[in-house]
$ cat work.cif   # mmCIF, C-alpha atoms and all ligand atoms
data_start
#
loop_
_atom_site.label_atom_id
_atom_site.label_comp_id
_atom_site.auth_asym_id
_atom_site.auth_seq_id
_atom_site.Cartn_x
_atom_site.Cartn_y
_atom_site.Cartn_z
CA MET O 1 33.30 49.54 -11.35
CA GLY O 2 35.63 46.56 -11.40
CA LEU O 3 34.86 42.97 -12.34
CA VAL O 4 37.06 40.18 -10.98
CA LEU O 5 37.17 36.47 -11.80
CA GLY O 6 38.05 34.45 -8.69
CA ILE O 7 39.49 30.93 -8.57
CA GLU O 8 39.75 28.69 -5.49
CA SER O 9 41.44 25.27 -5.40
CA SER O 10 43.47 25.13 -2.17
CA CYS O 11 41.71 22.17 -0.53
CA ASP O 12 38.83 19.98 -1.68
CA GLU O 13 36.53 22.59 -3.23
CA THR O 14 36.95 23.57 -6.88
CA ALA O 15 35.34 26.98 -7.28
CA ALA O 16 35.07 29.93 -9.66
CA ALA O 17 33.13 33.18 -9.31
CA LEU O 18 32.63 36.59 -10.90
CA VAL O 19 32.26 39.45 -8.43
CA THR O 20 31.94 43.20 -8.99
CA SER O 21 33.52 45.87 -6.83
CA ASP O 22 30.01 46.95 -5.76
CA ARG O 23 29.63 43.54 -4.05
CA THR O 24 27.47 41.74 -6.59
CA ILE O 25 28.22 38.06 -7.12
CA LEU O 26 27.33 37.83 -10.82
CA ALA O 27 27.93 34.09 -10.97
CA GLN O 28 29.55 31.39 -8.89
CA ARG O 29 30.00 27.66 -9.10
CA ILE O 30 31.48 25.24 -6.63
CA ALA O 31 32.20 21.52 -6.88
CA SER O 32 32.85 19.67 -3.65
CA GLN O 33 35.00 16.56 -3.66
CA ASP O 34 33.44 15.06 -0.52
CA ALA O 35 32.47 11.86 -2.34
CA GLU O 36 36.03 11.30 -3.60
CA HIS O 37 37.65 11.77 -0.19
CA ALA O 38 34.99 10.23 2.06
CA PRO O 39 36.33 6.64 1.75
CA TYR O 40 39.66 7.88 3.19
CA GLY O 41 38.17 9.89 6.06
CA GLY O 42 40.00 13.05 4.98
CA VAL O 43 41.34 14.94 1.97
CA VAL O 44 43.86 13.02 -0.16
CA PRO O 45 46.07 15.70 -1.80
CA GLU O 46 46.78 13.77 -5.01
CA ILE O 47 43.10 13.02 -5.61
CA ALA O 48 42.24 16.66 -4.87
CA ALA O 49 44.78 18.03 -7.37
CA ARG O 50 43.59 15.72 -10.13
CA ALA O 51 39.95 16.62 -9.53
CA HIS O 52 40.76 20.36 -9.67
CA ALA O 53 42.66 19.82 -12.93
CA GLU O 54 39.65 18.09 -14.50
CA ARG O 55 36.98 20.49 -13.29
CA LEU O 56 38.42 23.97 -13.17
CA ALA O 57 38.60 24.99 -16.85
CA PRO O 58 35.01 23.97 -17.73
CA MET O 59 33.84 25.60 -14.50
CA ILE O 60 35.45 28.94 -15.38
CA ALA O 61 33.86 28.77 -18.84
CA ALA O 62 30.48 28.04 -17.23
CA VAL O 63 30.75 30.93 -14.77
CA LEU O 64 31.57 33.38 -17.57
CA GLU O 65 28.62 32.05 -19.56
CA ASP O 66 26.27 32.24 -16.53
CA ALA O 67 27.10 35.93 -16.19
CA GLY O 68 27.11 36.64 -19.94
CA LYS O 69 30.70 37.88 -19.71
CA THR O 70 34.03 37.13 -21.38
CA LEU O 71 37.58 37.34 -20.03
CA ASP O 72 37.87 40.69 -21.82
CA ASP O 73 35.22 42.10 -19.46
CA CYS O 74 37.34 41.21 -16.40
CA ASP O 75 39.53 43.83 -14.74
CA ALA O 76 41.58 41.20 -12.91
CA ILE O 77 41.90 37.46 -12.40
CA ALA O 78 42.36 36.49 -8.77
CA ALA O 79 43.40 33.02 -7.63
CA THR O 80 44.34 31.46 -4.32
CA ALA O 81 48.16 31.20 -4.30
CA GLY O 82 48.35 29.56 -0.85
CA PRO O 83 48.34 28.40 1.84
CA GLY O 84 46.93 24.99 1.03
CA LEU O 85 47.59 21.63 -0.59
CA ILE O 86 50.26 22.58 -3.09
CA GLY O 87 49.06 20.43 -6.01
CA GLY O 88 45.62 21.99 -5.95
CA VAL O 89 46.93 25.53 -5.40
CA MET O 90 49.18 25.11 -8.44
CA VAL O 91 46.26 24.02 -10.64
CA GLY O 92 44.30 27.17 -9.77
CA LEU O 93 47.20 29.60 -9.87
CA VAL O 94 48.65 28.29 -13.14
CA SER O 95 45.18 28.43 -14.72
CA ALA O 96 44.84 32.04 -13.60
CA LYS O 97 48.28 32.92 -14.98
CA ALA O 98 47.44 31.40 -18.36
CA LEU O 99 44.12 33.26 -18.56
CA ALA O 100 45.74 36.51 -17.42
CA MET O 101 48.47 36.18 -20.02
CA ALA O 102 46.12 35.21 -22.85
CA SER O 103 43.67 38.05 -22.14
CA ASP O 104 46.24 40.61 -21.03
CA THR O 105 44.42 41.01 -17.71
CA PRO O 106 46.11 41.72 -14.34
CA LEU O 107 46.81 38.71 -12.12
CA ILE O 108 46.10 38.89 -8.38
CA ALA O 109 47.58 36.14 -6.19
CA VAL O 110 45.34 35.91 -3.13
CA ASN O 111 46.24 34.55 0.28
CA HIS O 112 43.40 32.11 1.04
CA LEU O 113 43.32 33.27 4.67
CA GLU O 114 42.94 36.87 3.57
CA GLY O 115 40.08 35.69 1.36
CA HIS O 116 38.34 34.36 4.48
CA ALA O 117 39.33 37.45 6.47
CA LEU O 118 37.79 39.89 3.95
CA SER O 119 34.72 37.77 3.08
CA PRO O 120 32.53 39.42 5.75
CA ARG O 121 32.99 42.74 3.91
CA LEU O 122 31.55 41.19 0.74
CA ALA O 123 28.38 40.30 2.62
CA ASP O 124 28.18 43.48 4.71
CA PRO O 125 28.97 46.85 3.09
CA THR O 126 28.84 48.58 6.46
CA LEU O 127 31.72 46.58 7.95
CA ASP O 128 34.71 48.90 8.14
CA PHE O 129 38.26 48.27 9.37
CA PRO O 130 39.45 47.58 12.01
CA TYR O 131 37.76 44.44 13.30
CA LEU O 132 38.59 41.51 15.54
CA LEU O 133 38.42 38.29 13.54
CA LEU O 134 38.12 34.66 14.55
CA LEU O 135 39.26 32.65 11.54
CA ALA O 136 38.42 29.01 12.15
CA SER O 137 38.59 26.47 9.35
CA GLY O 138 39.83 22.95 8.68
CA GLY O 139 43.42 24.09 8.36
CA HIS O 140 43.57 27.20 10.55
CA CYS O 141 42.51 28.62 13.87
CA GLN O 142 43.57 32.21 14.45
CA ILE O 143 42.45 35.43 16.03
CA LEU O 144 43.46 38.47 14.00
CA LEU O 145 43.16 42.20 14.26
CA VAL O 146 42.26 43.17 10.69
CA GLU O 147 43.23 46.79 10.08
CA GLY O 148 43.05 46.93 6.30
CA VAL O 149 43.73 45.02 3.09
CA GLY O 150 47.05 43.27 3.66
CA ARG O 151 47.21 44.71 7.18
CA HIS O 152 46.62 42.21 9.97
CA THR O 153 48.09 41.42 13.36
CA ARG O 154 47.89 37.84 14.56
CA LEU O 155 46.80 37.74 18.20
CA ALA O 156 46.47 33.97 18.71
CA THR O 157 47.01 30.81 16.71
CA THR O 158 46.88 27.07 17.26
CA ILE O 159 49.95 25.11 18.28
CA ASP O 160 48.49 21.82 17.04
CA ASP O 161 45.10 21.13 15.44
CA ALA O 162 42.80 23.65 13.81
CA LEU O 163 39.29 23.93 15.25
CA GLY O 164 37.66 22.45 12.12
CA GLU O 165 40.18 19.62 12.25
CA ALA O 166 39.13 18.90 15.86
CA PHE O 167 35.50 18.77 14.68
CA ASP O 168 36.47 16.46 11.81
CA LYS O 169 38.53 14.12 14.02
CA SER O 170 35.82 13.98 16.69
CA ALA O 171 33.34 13.13 13.94
CA LYS O 172 35.59 10.30 12.83
CA VAL O 173 35.77 8.92 16.38
CA LEU O 174 31.96 9.06 16.54
CA GLY O 175 31.65 7.33 13.16
CA LEU O 176 30.00 10.36 11.55
CA GLY O 177 32.06 10.42 8.35
CA TYR O 178 33.69 13.30 6.52
CA PRO O 179 33.38 16.30 6.54
CA GLY O 180 32.61 16.11 10.21
CA GLY O 181 31.79 19.63 11.39
CA PRO O 182 28.17 19.81 10.25
CA ALA O 183 27.55 16.20 11.42
CA VAL O 184 28.91 16.90 14.93
CA GLU O 185 26.76 20.03 15.11
CA ARG O 186 23.62 18.08 14.15
CA LEU O 187 24.31 15.31 16.69
CA ALA O 188 25.22 17.82 19.42
CA LYS O 189 21.70 19.29 19.18
CA GLU O 190 20.34 16.01 20.59
CA GLY O 191 22.93 15.75 23.38
CA ASP O 192 23.59 17.12 26.86
CA ALA O 193 26.79 19.19 27.03
CA THR O 194 27.17 18.61 30.78
CA LYS O 195 27.29 14.81 30.58
CA VAL O 196 30.90 14.20 29.48
CA PRO O 197 33.80 15.83 31.38
CA LEU O 198 36.23 17.08 28.74
CA PRO O 199 39.34 19.30 29.13
CA ARG O 200 39.60 22.92 28.00
CA PRO O 201 43.26 23.04 26.88
CA LEU O 202 45.17 26.28 27.59
CA LEU O 203 42.19 27.94 29.27
CA GLY O 204 43.51 31.06 30.98
CA SER O 205 46.96 30.70 29.40
CA LYS O 206 49.06 33.86 29.13
CA GLU O 207 50.49 32.67 25.79
CA PRO O 208 48.67 33.61 22.57
CA HIS O 209 47.82 30.03 21.65
CA PHE O 210 45.00 27.60 21.00
CA SER O 211 45.43 23.85 21.44
CA PHE O 212 42.87 21.22 20.47
CA ALA O 213 44.95 18.01 20.37
CA GLY O 214 44.22 17.16 24.02
CA LEU O 215 40.50 17.76 23.56
CA LYS O 216 40.45 15.50 20.52
CA SER O 217 42.22 12.70 22.48
CA ALA O 218 39.75 13.13 25.34
CA VAL O 219 36.88 12.66 22.89
CA LEU O 220 38.48 9.38 21.79
CA ARG O 221 38.86 8.23 25.42
CA ALA O 222 35.24 9.15 26.19
CA LYS O 223 34.06 7.11 23.22
CA GLU O 224 36.26 4.17 24.20
CA ALA O 225 34.94 4.27 27.77
CA GLY O 226 31.67 3.04 26.29
CA ILE O 227 29.52 4.72 28.94
CA TYR O 228 28.44 7.92 27.17
CA ALA O 229 25.87 8.51 24.46
CA ASP O 230 27.44 9.75 21.20
CA ALA O 231 25.15 12.80 21.20
CA ASP O 232 26.36 13.74 24.71
CA ILE O 233 29.99 13.40 23.58
CA ALA O 234 29.29 15.62 20.55
CA ALA O 235 27.50 18.25 22.66
CA SER O 236 30.22 18.20 25.35
CA PHE O 237 32.95 18.49 22.72
CA GLN O 238 31.24 21.45 21.06
CA ALA O 239 30.78 23.19 24.42
CA ALA O 240 34.44 22.63 25.37
CA ALA O 241 35.61 23.93 21.99
CA LEU O 242 33.45 27.04 22.38
CA ASP O 243 34.83 27.67 25.90
CA CYS O 244 38.38 27.55 24.47
CA VAL O 245 37.45 29.95 21.67
CA LEU O 246 35.81 32.44 24.04
CA ASP O 247 38.76 32.30 26.46
CA ARG O 248 41.26 33.03 23.68
CA LEU O 249 39.06 35.82 22.34
CA LYS O 250 38.99 37.38 25.79
CA PHE O 251 42.78 37.06 25.95
CA SER O 252 43.07 38.88 22.60
CA TRP O 253 40.43 41.49 23.41
CA ASP O 254 42.29 42.42 26.61
CA ARG O 255 45.43 43.15 24.59
CA ILE O 256 44.13 45.50 21.90
CA ASP O 257 42.53 48.92 21.67
CA ARG O 258 38.73 48.77 21.51
CA VAL O 259 37.36 47.79 18.09
CA PRO O 260 33.74 48.17 17.02
CA ALA O 261 33.16 44.69 15.55
CA LEU O 262 33.76 41.01 16.17
CA VAL O 263 33.76 38.98 12.97
CA VAL O 264 33.89 35.25 12.36
CA ALA O 265 34.98 33.56 9.13
CA GLY O 266 36.12 30.15 7.89
CA GLY O 267 34.21 26.88 7.71
CA VAL O 268 33.56 26.58 11.46
CA ALA O 269 31.73 29.93 11.32
CA ALA O 270 28.87 27.95 9.80
CA ASN O 271 28.29 26.40 13.26
CA GLN O 272 25.23 27.96 14.92
CA ALA O 273 26.31 27.13 18.51
CA ILE O 274 29.72 28.74 17.97
CA ARG O 275 28.04 31.74 16.36
CA ALA O 276 25.66 32.13 19.30
CA GLY O 277 28.57 32.08 21.78
CA LEU O 278 30.45 34.70 19.78
CA GLU O 279 27.38 36.87 19.55
CA ARG O 280 27.04 36.85 23.35
CA PHE O 281 30.75 37.69 23.70
CA ALA O 282 30.36 40.67 21.36
CA GLU O 283 27.17 41.88 23.03
CA GLU O 284 28.85 41.89 26.46
CA ARG O 285 31.55 44.15 25.06
CA ALA O 286 29.28 46.45 23.04
CA MET O 287 30.72 45.18 19.75
CA ARG O 288 28.75 44.47 16.61
CA PHE O 289 28.83 40.82 15.66
CA VAL O 290 29.22 40.04 11.97
CA ALA O 291 29.04 36.55 10.50
CA PRO O 292 28.81 35.98 6.76
CA PRO O 293 26.13 33.62 5.46
CA PRO O 294 27.32 29.98 5.88
CA LYS O 295 27.90 29.64 2.12
CA LEU O 296 30.51 32.40 2.27
CA CYS O 297 32.13 30.86 5.37
CA THR O 298 33.22 27.58 3.81
CA ASP O 299 35.71 27.61 0.95
CA ASN O 300 34.40 29.45 -2.11
CA ALA O 301 35.66 31.55 -4.99
CA ALA O 302 33.48 34.62 -4.36
CA MET O 303 35.68 35.48 -1.36
CA ILE O 304 38.80 35.14 -3.54
CA ALA O 305 37.28 37.37 -6.24
CA TRP O 306 36.26 39.84 -3.53
CA ALA O 307 39.81 39.90 -2.09
CA GLY O 308 40.84 40.72 -5.68
CA CYS O 309 38.32 43.58 -5.79
CA GLU O 310 39.71 44.94 -2.52
CA ARG O 311 43.27 44.81 -3.86
CA LEU O 312 42.21 46.41 -7.14
CA ALA O 313 40.67 49.33 -5.25
CA LEU O 314 43.88 50.13 -3.35
CA ASP O 315 45.83 53.27 -4.26
CA GLY O 316 48.89 52.24 -6.22
CA PHE O 317 47.49 48.80 -7.10
CA ARG O 318 50.10 46.60 -8.78
CA PRO O 319 49.28 43.24 -10.41
CA ASP O 320 51.31 40.23 -9.29
CA PRO O 321 54.02 38.98 -11.67
CA LEU O 322 53.36 35.88 -13.80
CA ASP O 323 56.23 34.05 -12.09
CA ILE O 324 54.73 34.34 -8.60
CA ALA O 325 55.02 31.03 -6.74
CA ALA O 326 52.30 28.87 -5.20
CA ARG O 327 52.90 28.60 -1.45
CA PRO O 328 51.92 25.63 0.73
CA ARG O 329 52.54 27.83 3.81
CA TRP O 330 51.74 31.52 3.83
CA PRO O 331 50.94 32.96 7.26
CA LEU O 332 48.97 36.17 7.41
O1 LIG O 401 37.02 27.09 5.40
P1 LIG O 401 36.79 25.68 5.07
O2 LIG O 401 35.69 25.32 4.10
O3 LIG O 401 38.09 25.01 4.51
C1 LIG O 401 39.37 25.29 4.98
O4 LIG O 401 39.97 26.30 4.51
O5 LIG O 401 39.82 24.52 5.85
O6 LIG O 401 36.56 24.91 6.45
C2 LIG O 401 36.25 23.56 6.50
C3 LIG O 401 36.17 23.14 7.95
C4 LIG O 401 36.04 21.63 8.14
O7 LIG O 401 36.92 21.22 9.15
C5 LIG O 401 34.59 21.47 8.56
O8 LIG O 401 34.36 20.33 9.37
C6 LIG O 401 34.34 22.75 9.32
O9 LIG O 401 35.02 23.74 8.57
N1 LIG O 401 32.91 23.04 9.38
C7 LIG O 401 32.22 23.04 10.54
C8 LIG O 401 30.87 23.27 10.18
N2 LIG O 401 30.79 23.41 8.82
C9 LIG O 401 32.06 23.27 8.36
N3 LIG O 401 32.62 22.86 11.81
C10 LIG O 401 31.66 22.92 12.77
N4 LIG O 401 30.35 23.12 12.50
C11 LIG O 401 29.91 23.31 11.25
N5 LIG O 401 28.61 23.50 11.00
ZN ZN O 402 39.35 27.92 3.84
#
$ encode --input "work.cif" --output "structure tokens"
Amino acid sequence: MGLVLGIESSCDETAAALVTSDRTILAQRIASQDAEHAPYGGVVPEIAARAHAERLAPMIAAVLEDAGKTLDDCDAIAATAGPGLIGGVMVGLVSAKALAMASDTPLIAVNHLEGHALSPRLADPTLDFPYLLLLASGGHCQILLVEGVGRHTRLATTIDDALGEAFDKSAKVLGLGYPGGPAVERLAKEGDATKVPLPRPLLGSKEPHFSFAGLKSAVLRAKEAGIYADADIAASFQAAALDCVLDRLKFSWDRIDRVPALVVAGGVAANQAIRAGLERFAEERAMRFVAPPPKLCTDNAAMIAWAGCERLALDGFRPDPLDIAARPRWPL
């Protein structure tokens, strides 16, 4: 059985975790930087990188201690190597390289998006490849056919904002602060989704794209009109976003061979209304619906350690070289 130390530092969460190849999270810690970034209404890359640099080393030490393990017990050290805010990614990746070198342990450079994409398999041992995946976070909005470790086909992606970004920007317009997704979801529960007419960009489009910029602007105009309740704007926004997601999923579904499961991952997967819509979509097509627990949906290091476990288990596994570069962009 393998044991992997995972490190995540690509955005505003500093995280470390120890995960075994039989899917046990032996220890995990996560430090959010919400308080540092809140005054700016979004993540400030320089502040994020500095906070990772201060917190990561003691956090790794704490995680090892929590689990009663040492670096010598680890079969690999996995760190996010991109995509993300480059300063933060470098802090995590360079830390992993140093630990790997000092303990003579294999290094695994993980694509953060693949971490999200494989996270449902950490939570659910029965989830086999292939599956249709909606990956919706603050930086990404994609539909992927996941056929194996390192084997994905992108079926749709956003041409402007990510879905989480649209939630965050709508939250800002409504004065709900940062991060906005959970706040919009809470407010939407008190609102009427039929009250505010909002656009559904690219609905029915024959191109494999999402677009949320127009929806975000419409939310701003609705707020400025001064005639709608904030809760109704939040509910109407969430309903419009879900319609767009379901339309693009249908587009993707129509273009692939049947797959047994629909999976959602990324921060927006924590949203119960989005989950419910996806569940209905899957049910109508006789697919299983798999959503990891919300804690595994938002950024965390257990998913990075798990992606390391998956790589380690591949035939012909090769560690990554110590000179591998951190990548701000790294499409799946
Ligand atoms: O995956 P994640 O933690 O970080 C990225 O890799 O981007 O995703 C964070 C995003 C943020 O935009 C946040 O507002 C959104 O996920 N999010 C939500 C909810 N919880 C987090 N969006 C809608 N509803 C939620 N409950
Ligand atoms: Zn993420």
$ closest_atom_pairs --input "work.cif" --of "range 224-268 of chain O" --to "range 176-180 of chain O" --cutoff "12 Å" --atoms "only C-alpha atoms" --output "Markdown table"
| residue | atom | partner | partner_atom | distance |
| --- | --- | --- | --- | --- |
| O:Asp230 | CA | O:Leu176 | CA | 10.0 |
| O:Ala231 | CA | O:Leu176 | CA | 11.1 |
| O:Ala234 | CA | O:Leu176 | CA | 10.4 |
| O:Gly267 | CA | O:Pro179 | CA | 10.7 |
| O:Val268 | CA | O:Gly180 | CA | 10.6 |
$ closest_residue --input "work.cif" --among "O:Val149, O:Met303, O:Leu99, O:Cys11" --to "ligand LIG 401 (chain O)" --atoms "only C-alpha atoms and all ligand atoms"
O:Cys11
$ residues_around --input "work.cif" --residues "range 250-255 of chain O" --least-positions-apart "3" --cutoff "8 Å" --atoms "all atoms listed in the file" --output "PDB file with C-alpha atoms, in the coordinates of the input"
ATOM      1  CA  ILE O 143      42.450  35.430  16.030  1.00  0.00           C
ATOM      2  CA  LEU O 155      46.800  37.740  18.200  1.00  0.00           C
ATOM      3  CA  ALA O 156      46.470  33.970  18.710  1.00  0.00           C
ATOM      4  CA  GLY O 204      43.510  31.060  30.980  1.00  0.00           C
ATOM      5  CA  LYS O 206      49.060  33.860  29.130  1.00  0.00           C
ATOM      6  CA  PRO O 208      48.670  33.610  22.570  1.00  0.00           C
ATOM      7  CA  LEU O 246      35.810  32.440  24.040  1.00  0.00           C
ATOM      8  CA  ASP O 247      38.760  32.300  26.460  1.00  0.00           C
ATOM      9  CA  ARG O 258      38.730  48.770  21.510  1.00  0.00           C
TER      10      ARG O 258
END
$ atom_distance --input "work.cif" --atom1 "CA of Ser10 in chain O" --atom2 "CA of Glu165 in chain O"
15.8 Å
$ closest_residue --input "work.cif" --among "O:Leu202, O:Leu113, O:Ala307, O:Ala222" --to "ligand LIG 401 (chain O)" --atoms "all atoms listed in the file"
O:Leu113
$ residues_near_ligand --input "work.cif" --ligand "ligand ZN 402 (chain O)" --cutoff "8 Å" --atoms "all atoms listed in the file" --output "PyMOL selection string"
chain O and resi 10-11+112-113+116+137-140+266-267+297-300
$ residues_around --input "work.cif" --residues "range 273-288 of chain O" --least-positions-apart "2" --cutoff "9 Å" --atoms "only C-alpha atoms" --output "compact mmCIF listing (two decimals) with C-alpha atoms, in the coordinates of the input"
# COMPACT_ATOMS: atom_id res chain seq x y z
CA GLU O 185 26.76 20.03 15.11
CA GLN O 238 31.24 21.45 21.06
CA ALA O 239 30.78 23.19 24.42
CA ALA O 241 35.61 23.93 21.99
CA LEU O 242 33.45 27.04 22.38
CA ASP O 243 34.83 27.67 25.90
CA VAL O 245 37.45 29.95 21.67
CA LEU O 246 35.81 32.44 24.04
CA LEU O 249 39.06 35.82 22.34
CA LYS O 250 38.99 37.38 25.79
CA ARG O 258 38.73 48.77 21.51
CA VAL O 259 37.36 47.79 18.09
CA PRO O 260 33.74 48.17 17.02
CA ALA O 261 33.16 44.69 15.55
CA LEU O 262 33.76 41.01 16.17
CA VAL O 263 33.76 38.98 12.97
CA VAL O 264 33.89 35.25 12.36
CA VAL O 268 33.56 26.58 11.46
CA ALA O 269 31.73 29.93 11.32
CA ALA O 270 28.87 27.95 9.80
CA ASN O 271 28.29 26.40 13.26
CA VAL O 290 29.22 40.04 11.97
CA ALA O 291 29.04 36.55 10.50
$ closest_residue --input "work.cif" --among "O:Gly68, O:Pro328, O:Pro199, O:Gly308" --to "Ile108 in chain O" --atoms "only C-alpha atoms"
O:Gly308
$ residues_around --input "work.cif" --residues "Leu71 in chain O" --least-positions-apart "2" --cutoff "9 Å" --atoms "only C-alpha atoms" --output "list in words"
Leu5, Leu64, Lys69, Asp73, Cys74, Asp75, Ile77, Leu99, Ala100, Ser103 and Thr105 of chain O
$ atom_distance --input "work.cif" --atom1 "atom C10 of ligand LIG 401 (chain O)" --atom2 "CA of Pro45 in chain O"
21.7 Å
$ axis_aligned_box --input "work.cif" --around "ligand LIG 401 (chain O)" --padding-each-side "8 Å" --output "lines of an AutoDock Vina configuration file"
center_x = 34.3
center_y = 23.7
center_z = 8.4
size_x = 27.4
size_y = 22.8
size_z = 24.7
$ closest_residue --input "work.cif" --among "O:Glu207, O:Lys172, O:Asp192, O:Val219" --to "Tyr40 in chain O" --atoms "all atoms listed in the file"
O:Lys172
$ atom_distance --input "work.cif" --atom1 "CA of Gly2 in chain O" --atom2 "CA of Pro321 in chain O"
19.9 Å
$ residues_around --input "work.cif" --residues "Ser95 in chain O" --least-positions-apart "4" --cutoff "12 Å" --atoms "only C-alpha atoms" --output "number ranges by chain"
O: 5-9, 16, 52-60, 77-81, 88-91, 99-102, 107, 109, 322, 326
$ closest_residue --input "work.cif" --among "O:Ala305, O:Leu174, O:Leu135, O:Ala62" --to "ligand LIG 401 (chain O)" --atoms "all atoms listed in the file"
O:Leu135
$ residues_around --input "work.cif" --residues "Tyr228 in chain O" --least-positions-apart "3" --cutoff "12 Å" --atoms "only C-alpha atoms" --output "MDAnalysis selection string"
chainID O and resid 174 191:197 219:225 231:236
$ residues_near_point --input "work.cif" --point "(46.3, 44.8, 7.1)" --cutoff "12 Å" --atoms "all atoms listed in the file" --output "list in words"
Glu114, Ala117, Leu118, Phe129, Pro130, Tyr131, Leu132, Leu144, Leu145, Val146, Glu147, Gly148, Val149, Gly150, Arg151, His152, Thr153, Arg154, Glu310, Arg311, Leu314 and Leu332 of chain O
$ closest_residue --input "work.cif" --among "O:Val173, O:Val63, O:Ala229, O:Leu215" --to "Ile30 in chain O" --atoms "only C-alpha atoms"
O:Val63
